[in-house]
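Asks: Sharing a structure with you now.
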Amino acid sequence: MLETLKKHLTQTSFKTQLLLLFVMGLSILAIVVTLATTVSTHYLMENMFITRNKILVEAFAKQSTLALLYGSEENSRDAVRIVSAFQSVEYAAIHEVNHKRLFEYGKSVPGIDLPPPYPIQKELDAHWVFIEPVVVMNPIDKEPSNGGGQSNQKPQFLGYVKVLVSKSELQTIQSTIVLSNGLIIFILSAILYFIFRKLVNQMVEPLQTLTRTMKKREEGQTGVRASLQGAKELHTIGEAFNQMINVLEEREEALIKEMHSREKAEENVRQHQRELAHFSRLKTMGEMASGIAHELNQPLAAIVNYTGGCLERLQTEQTVPEFVAVVQKINDQAERAGAIIHRLKDFLRKGNAVTESVDVRLAIENVLKLIECELNQYEIKWSVQANECPKALMDKTHFEQVTLNIIQNAIEAMKENTEGKARLLTITVGLSGKEMVEVSIKDTGPGIPPEILEKLFEPFFTTKEEGMGMGLSIVSSILESHGGRIQVSSMVGEGAMFKLFMPGEGIRDK
Ligand code: ADP
């Protein structure tokens with residue numbers, strides 16, 4: 001029960017809690033005050049009631065003196081009439097000393113019948129009984145020695161009067177007082193409640209404003225600040241809230257900026273990737289053309305030779321002139337085709353490479369970033385070791401293309417390796433001699449058998465189902481075009497290591 005009340009209280013607003021507490025306090029106070037006034041009023045009224053009736057009975061006793069002295073019914077009736085004029089007096093009687101009833105009014109109630117040497121008052125269920133002796137003072141003698149000439153008096157007990165007073169009047173007065181007390185306290189409580197409610201409203205308003213402000217912020221509104229009003233503590237809370245929001249908004253702004261710059265950087269990386277892919281396609285096509293040119297060059301040269309020989313023979317012997325002309329045409333066309341292929345090879349060899357200073361380590365890390373997803377996908381651990389930070393002299397995109405090709409081959413080799421062997425890609429950057437930068441790329445793939453090693457750089461050589469066999473041939477020709485070279489070494493079952501050499505910048509001076 002108490003728990004439920006507690007739970008209920010914690011769910012209601014601060015204002016309701018304050019009002020509830022006040023109402024509870026006020027109710028308890030009202031009850032206590034009502035009880036206290038009721039009890040005190042009860043005793044006060046009772047005392048007043050007894051005193052008044054005592055005076056009345058004493059007066060009645062005095063009025064009854066003559067009646068008892070002379071045993072007169074007339075006098076008795078007069079005395080009783082006076083006392084019975086009071087509404088609450090239900091019974092009144094005059095008794096002689098011997099208890100004989102001289103006169104009575106109303107109906108007696110069984111109660112008290114003691115011989116009254118002294119006044120008696122006794123409370124019954126619905127009545128109070130008052131008994132008062134009737135006494136006269138008789139003079140006994142005169143003593144001159146007393147100086148004052150006063151005479152001593154002796155009381156003579158004549159009888160007694162008995163009065164029965166109903167409590168109903170007292171009870172009516174008491175309940176009226178209790179009711180009016182209750183009403184006054186209720187009205188006062190109501191007035192106090194309304195005053196307190198107004199005060200609480202004034203007190204709680206700044207707190208409610210602060211709560212509303214916090215709610216707005218929670219719903220995502222920006223630029224919301226607490227207005228500093230109300231009690232000192234609310235000021236402090238408001239200030240703390242404003243400070244917190246300031247910090248929060250600064251952080252949000254910084255975060256948005258960071259997100260924008262990260263998006264930009266990612267877009268740059270994507271652009272770079274697109275360029276590399278485009279370049280790769282172009283290069284592959286170029287190399288394919290180069291390969292085809294290389295392959296076609298020999299048969300074309302053979303055709304030219306054979307047709308040249310034929311022509312010589314045809315011209316010395318008797319032949320049909322048209323036949324000579326046709327062979328001549330074949331020879332011309334073959335030479336023309338040969339010239340085209342030479343031009344194509346020349347063009348491909350030169351390319352449009354730009355020589356620039358490439359920070360080797362940085363360029364390798366860029367390439368690793370590009371294929372980080374793939375490395376993670378196949379759980380390949382990689383490391384770049386560089387004691388020196390050399391710079392290579394070559395086209396930066398070409399350098400990236402070369403390393404990307406070798407690393408991709410290493411990934412493809414290692415992803416087949418499922419025998420629980422660790423997949424490690426180790427890249428070492430260093431110097432070779434006085435002029436060259438050396439980059440070695442080592443993997444823990446299946447390795448390359450010696451018979452394959454020789455053919456590795458030939459165009460169209462591949463052991464992969466969907467391979468083109470152009471990658472290494474391109475790598476080799478790119479490096480050569482920049483004055484560099486490539487080497488490979490491998491132990492079957494252990495892995496392969498490709499070493500790239502390229503001219504370095506300012507190495508000689510070191
Ligand atoms: P492709 O990758 O299209 O086959 P490449 O010229 O790049 O063409 O490679 C030629 C061949 O060299 C591959 O088919 C593969 O057999 C072999 N090779 C290249 N790199 C590795 C390596 N790291 N480990 C084992 N074999 C390799």
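Every chain in the structure tokens has a letter given in the order shown (A, B, ...), and although residue numbers restart at 1 in each chain, ligands are simply numbered from 1 in the order shown.
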Taking only C-alpha atoms and all ligand atoms into account, report as a list in words which residues have an atom no farther than 6 Å from an atom of ligand 1.
Replies: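 Written in the requested form, the residues are Asn409, Ala410, Ala413, Gly445, Gly447, Ile448, Leu456, Phe461, Thr462, Thr463, Lys464, Gly467, Met468, Gly469, Met470, Gly471, Leu472, Ser473 and Ala496 of chain A.
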Asks: Which residues are near A:Val33? Cut-off 12 Å, only C-alpha atoms, ignore same chain within fewer than 2 positions. Put them as a list in words.
Replies: Leu26, Ser27, Ile28, Leu29, Ala30, Ile31, Leu35, Ala36, Thr37, Thr38, Val39, Ser40, Thr41, Val178, Asn181, Gly182, Leu183, Ile184, Ile185, Phe186, Leu188 and Ser189 of chain A
Asks: Limited to N, CA and C atoms, could you put the picked residues into a file as a PDB file, in the first residue's frame?
Replies:
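What follows is the written file selection_34.pdb:
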```pdb
ATOM      1  N   LEU A  26      -2.415  20.117   6.148  1.00  0.00           N
ATOM      2  CA  LEU A  26      -3.544  20.967   6.517  1.00  0.00           C
ATOM      3  C   LEU A  26      -4.667  20.138   7.136  1.00  0.00           C
ATOM      4  N   SER A  27      -4.928  18.961   6.533  1.00  0.00           N
ATOM      5  CA  SER A  27      -5.992  18.089   7.034  1.00  0.00           C
ATOM      6  C   SER A  27      -5.661  17.647   8.452  1.00  0.00           C
ATOM      7  N   ILE A  28      -4.382  17.232   8.649  1.00  0.00           N
ATOM      8  CA  ILE A  28      -3.993  16.761   9.989  1.00  0.00           C
ATOM      9  C   ILE A  28      -4.154  17.908  10.992  1.00  0.00           C
ATOM     10  N   LEU A  29      -3.707  19.117  10.582  1.00  0.00           N
ATOM     11  CA  LEU A  29      -3.809  20.278  11.456  1.00  0.00           C
ATOM     12  C   LEU A  29      -5.275  20.578  11.781  1.00  0.00           C
ATOM     13  N   ALA A  30      -6.128  20.526  10.740  1.00  0.00           N
ATOM     14  CA  ALA A  30      -7.546  20.821  10.931  1.00  0.00           C
ATOM     15  C   ALA A  30      -8.159  19.828  11.908  1.00  0.00           C
ATOM     16  N   ILE A  31      -7.818  18.550  11.750  1.00  0.00           N
ATOM     17  CA  ILE A  31      -8.386  17.522  12.627  1.00  0.00           C
ATOM     18  C   ILE A  31      -7.930  17.758  14.071  1.00  0.00           C
ATOM     19  N   LEU A  35     -10.332  18.737  17.124  1.00  0.00           N
ATOM     20  CA  LEU A  35     -10.409  17.870  18.303  1.00  0.00           C
ATOM     21  C   LEU A  35     -10.103  18.662  19.567  1.00  0.00           C
ATOM     22  N   ALA A  36      -9.032  19.484  19.484  1.00  0.00           N
ATOM     23  CA  ALA A  36      -8.619  20.246  20.664  1.00  0.00           C
ATOM     24  C   ALA A  36      -9.722  21.222  21.078  1.00  0.00           C
ATOM     25  N   THR A  37     -10.260  21.941  20.086  1.00  0.00           N
ATOM     26  CA  THR A  37     -11.309  22.921  20.448  1.00  0.00           C
ATOM     27  C   THR A  37     -12.552  22.191  20.962  1.00  0.00           C
ATOM     28  N   THR A  38     -12.833  21.023  20.365  1.00  0.00           N
ATOM     29  CA  THR A  38     -14.010  20.269  20.800  1.00  0.00           C
ATOM     30  C   THR A  38     -13.865  19.864  22.268  1.00  0.00           C
ATOM     31  N   VAL A  39     -12.698  19.318  22.608  1.00  0.00           N
ATOM     32  CA  VAL A  39     -12.490  18.842  23.982  1.00  0.00           C
ATOM     33  C   VAL A  39     -12.543  20.014  24.963  1.00  0.00           C
ATOM     34  N   SER A  40     -11.790  21.097  24.604  1.00  0.00           N
ATOM     35  CA  SER A  40     -11.758  22.223  25.544  1.00  0.00           C
ATOM     36  C   SER A  40     -13.146  22.850  25.676  1.00  0.00           C
ATOM     37  N   THR A  41     -13.833  22.985  24.532  1.00  0.00           N
ATOM     38  CA  THR A  41     -15.178  23.568  24.583  1.00  0.00           C
ATOM     39  C   THR A  41     -16.116  22.695  25.418  1.00  0.00           C
ATOM     40  N   VAL A 178     -19.057  22.614  18.155  1.00  0.00           N
ATOM     41  CA  VAL A 178     -18.151  21.753  17.390  1.00  0.00           C
ATOM     42  C   VAL A 178     -18.356  21.966  15.889  1.00  0.00           C
ATOM     43  N   ASN A 181     -17.090  25.322  14.874  1.00  0.00           N
ATOM     44  CA  ASN A 181     -15.622  25.251  14.875  1.00  0.00           C
ATOM     45  C   ASN A 181     -15.120  24.568  13.611  1.00  0.00           C
ATOM     46  N   GLY A 182     -15.721  23.413  13.316  1.00  0.00           N
ATOM     47  CA  GLY A 182     -15.334  22.625  12.126  1.00  0.00           C
ATOM     48  C   GLY A 182     -15.480  23.449  10.869  1.00  0.00           C
ATOM     49  N   LEU A 183     -16.625  24.160  10.806  1.00  0.00           N
ATOM     50  CA  LEU A 183     -16.896  24.955   9.605  1.00  0.00           C
ATOM     51  C   LEU A 183     -15.854  26.049   9.444  1.00  0.00           C
ATOM     52  N   ILE A 184     -15.565  26.728  10.568  1.00  0.00           N
ATOM     53  CA  ILE A 184     -14.570  27.810  10.494  1.00  0.00           C
ATOM     54  C   ILE A 184     -13.223  27.246  10.048  1.00  0.00           C
ATOM     55  N   ILE A 185     -12.840  26.099  10.649  1.00  0.00           N
ATOM     56  CA  ILE A 185     -11.537  25.508  10.304  1.00  0.00           C
ATOM     57  C   ILE A 185     -11.526  25.086   8.841  1.00  0.00           C
ATOM     58  N   PHE A 186     -12.668  24.543   8.365  1.00  0.00           N
ATOM     59  CA  PHE A 186     -12.737  24.124   6.965  1.00  0.00           C
ATOM     60  C   PHE A 186     -12.565  25.331   6.033  1.00  0.00           C
ATOM     61  N   LEU A 188     -11.178  28.191   6.752  1.00  0.00           N
ATOM     62  CA  LEU A 188      -9.794  28.677   6.861  1.00  0.00           C
ATOM     63  C   LEU A 188      -8.846  27.797   6.052  1.00  0.00           C
ATOM     64  N   SER A 189      -9.061  26.464   6.135  1.00  0.00           N
ATOM     65  CA  SER A 189      -8.204  25.525   5.392  1.00  0.00           C
ATOM     66  C   SER A 189      -8.326  25.770   3.894  1.00  0.00           C
TER      67      SER A 189
END
```
Asks: Could you state the separation of atom CA of A:Ile364 and atom CA of A:Arg262 in Å, given to one decimal place?
Replies: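 Calculated distance between atom CA of A:Ile364 and atom CA of A:Arg262 is 20.7 Å.
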Asks: As a ChimeraX atom specification, please: every residue in stretch 148-342 of chain A that DSSP puts in alpha helix (DSSP H).
Replies: /A:168-218,232-316,321-342
Asks: Which residue, A:Ile292, A:Ala59, A:Ile131, A:Leu164, has the smallest gap to A:Pro110 when you use only C-alpha atoms?
Replies: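 Ranking A:Ile292, A:Ala59, A:Ile131, A:Leu164 by distance to A:Pro110, first place goes to A:Leu164.
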Asks: Would you list the contacts of A:Glu379 as a list in words, taking every protein, DNA or RNA residue within 12 Å and counting only C-alpha atoms, but skipping same-chain residues closer than 4 positions in sequence?
Replies: Glu372, Cys373, Glu374, Leu375, Ile411, Met414, Lys415, Asn417, Thr418, Gly420, Lys421, Ala422, Arg423, Leu424 and Leu425 of chain A
Asks: Taking only C-alpha atoms into account, name the residue in A:Leu102, A:Val204, A:Ile303, A:Val429 that is nearest to A:Gly230.
Replies: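 Among A:Leu102, A:Val204, A:Ile303, A:Val429, it is A:Val204 that comes nearest to A:Gly230.
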Asks: Would you kindly return, as a ChimeraX atom specification, each protein, DNA or RNA residue with an atom no farther than 10 Å from any atom of A:Glu400, considering only C-alpha atoms and excluding same-chain residues fewer than 3 positions away?
Replies: /A:276,358,360,363-368,395-397,403-405
Asks: Taking the DSSP assignment computed from this structure's backbone, write out as a ChimeraX atom specification all residues of stretch 22-184 of chain A that belong to strand (DSSP E or B).
Replies: /A:89-96,101-106,120-123,127-142,151-166
Asks: Which one is closest to A:Phe157: A:Glu356, A:Glu96, A:Glu205, A:Glu104? Count only C-alpha atoms.
Replies: A:Glu96
Asks: Determine the nearest neighbour of A:Leu479 from the options A:Ala392, A:Val269, A:Ile173, A:Ala226, counting only C-alpha atoms.
Replies: A:Ala392
Asks: Between A:Met394, A:Arg225, A:Gln63, A:Pro139, which is the closest to A:Thr213 once you count only C-alpha atoms?
Replies: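 Among A:Met394, A:Arg225, A:Gln63, A:Pro139, it is A:Arg225 that comes nearest to A:Thr213.
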Asks: Choose the residue, out of A:Arg217, A:Lys167, A:Lys122, A:His95, that has the smallest atom-to-atom separation from A:Phe49; count only C-alpha atoms.
Replies: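 Nearest candidate to A:Phe49 out of A:Arg217, A:Lys167, A:Lys122, A:His95: A:Lys167.
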Asks: Residues near stretch 65-68 of chain A, anyone? I mean within 12 Å using only C-alpha atoms, not counting same-chain ones fewer than 6 positions away, as number ranges by chain.
Replies: A: 58-59, 74-80, 93-103, 132-137, 156-161
Asks: Please identify all polymer residues within 6 Å of A:Phe501, counting only C-alpha atoms, omitting same-chain residues fewer than 4 positions from it, and present them as a count of residues only.
Replies: 4
